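Report on the structure given below.
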Amino acid sequence: MWLIYALLSAVFAAATSILAKIGIDGVSSNLATAIRTCVVVVMAWAIVLATRAQGGIPDITARSWLFLILSGLATGASWLCYYKALQAGEASKVAPVDKLSVVITVVMAFVFLHERLTVKSAFGCVLLGAGAVLMAM
């Protein structure tokens, strides 16, 4: 059962990266972090206020709000699955599977953001994937 939760954690973590990439367009990264990371809201808003990024709030588009909120939901789902996987399985097996989020992010970035997929990055993804599978066994 831990493997399902660890894999779901990887998928949600990858979605977080993609959704944040879309949502952050034209938004202060500090302000975007505060919006999507409600769990650390006090720290995030302190950074926003310290950097005077709060002036950009009226300029955030509805599209950016949507993707920043979706990114925050994906983050929460990833954390919930990760801790559920840790509760049911060994950390030395759960963590490598969770890191499949790197591979999933590269694929999602290629598909949704039309980022280049080089031979080197594809080979790295294969190695990461193989390493995660080997460590989970």
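By convention here, the chains of the structure tokens are called A, B, ... in the order presented, each chain's residues are numbered starting at 1, and ligands are numbered starting at 1 in the order presented.
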Applying 8 Å and only C-alpha atoms, which residues near Ser64 (chain A) remain after dropping the ones on its own chain fewer than 5 positions away? List them as a PyMOL selection string.
chain A and resi 22-25+27
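If you count only C-alpha atoms and ignore residues fewer than 2 places along the chain from Ser9 (chain A), what sits within 7 Å of it is Tyr5, Ala6, Leu7, Val11, Phe12, Ala13, Ser78, Trp79, Cys81, Tyr82 and Asp98 of chain A.
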Tell me, as a VMD selection string, which residues lie within 12 Å of Val103 (chain A), counting only C-alpha atoms; anything in the same chain fewer than 6 positions away does not count.
chain A and resid 7 10 to 11 13 to 15 17 96 to 97 109 to 110 117 121 to 132
Got a sec to tell me which of region 81-126 of chain A DSSP assigns to alpha helix (DSSP H), as a ChimeraX atom specification?
/A:81-88,91-98,101-112,119-126
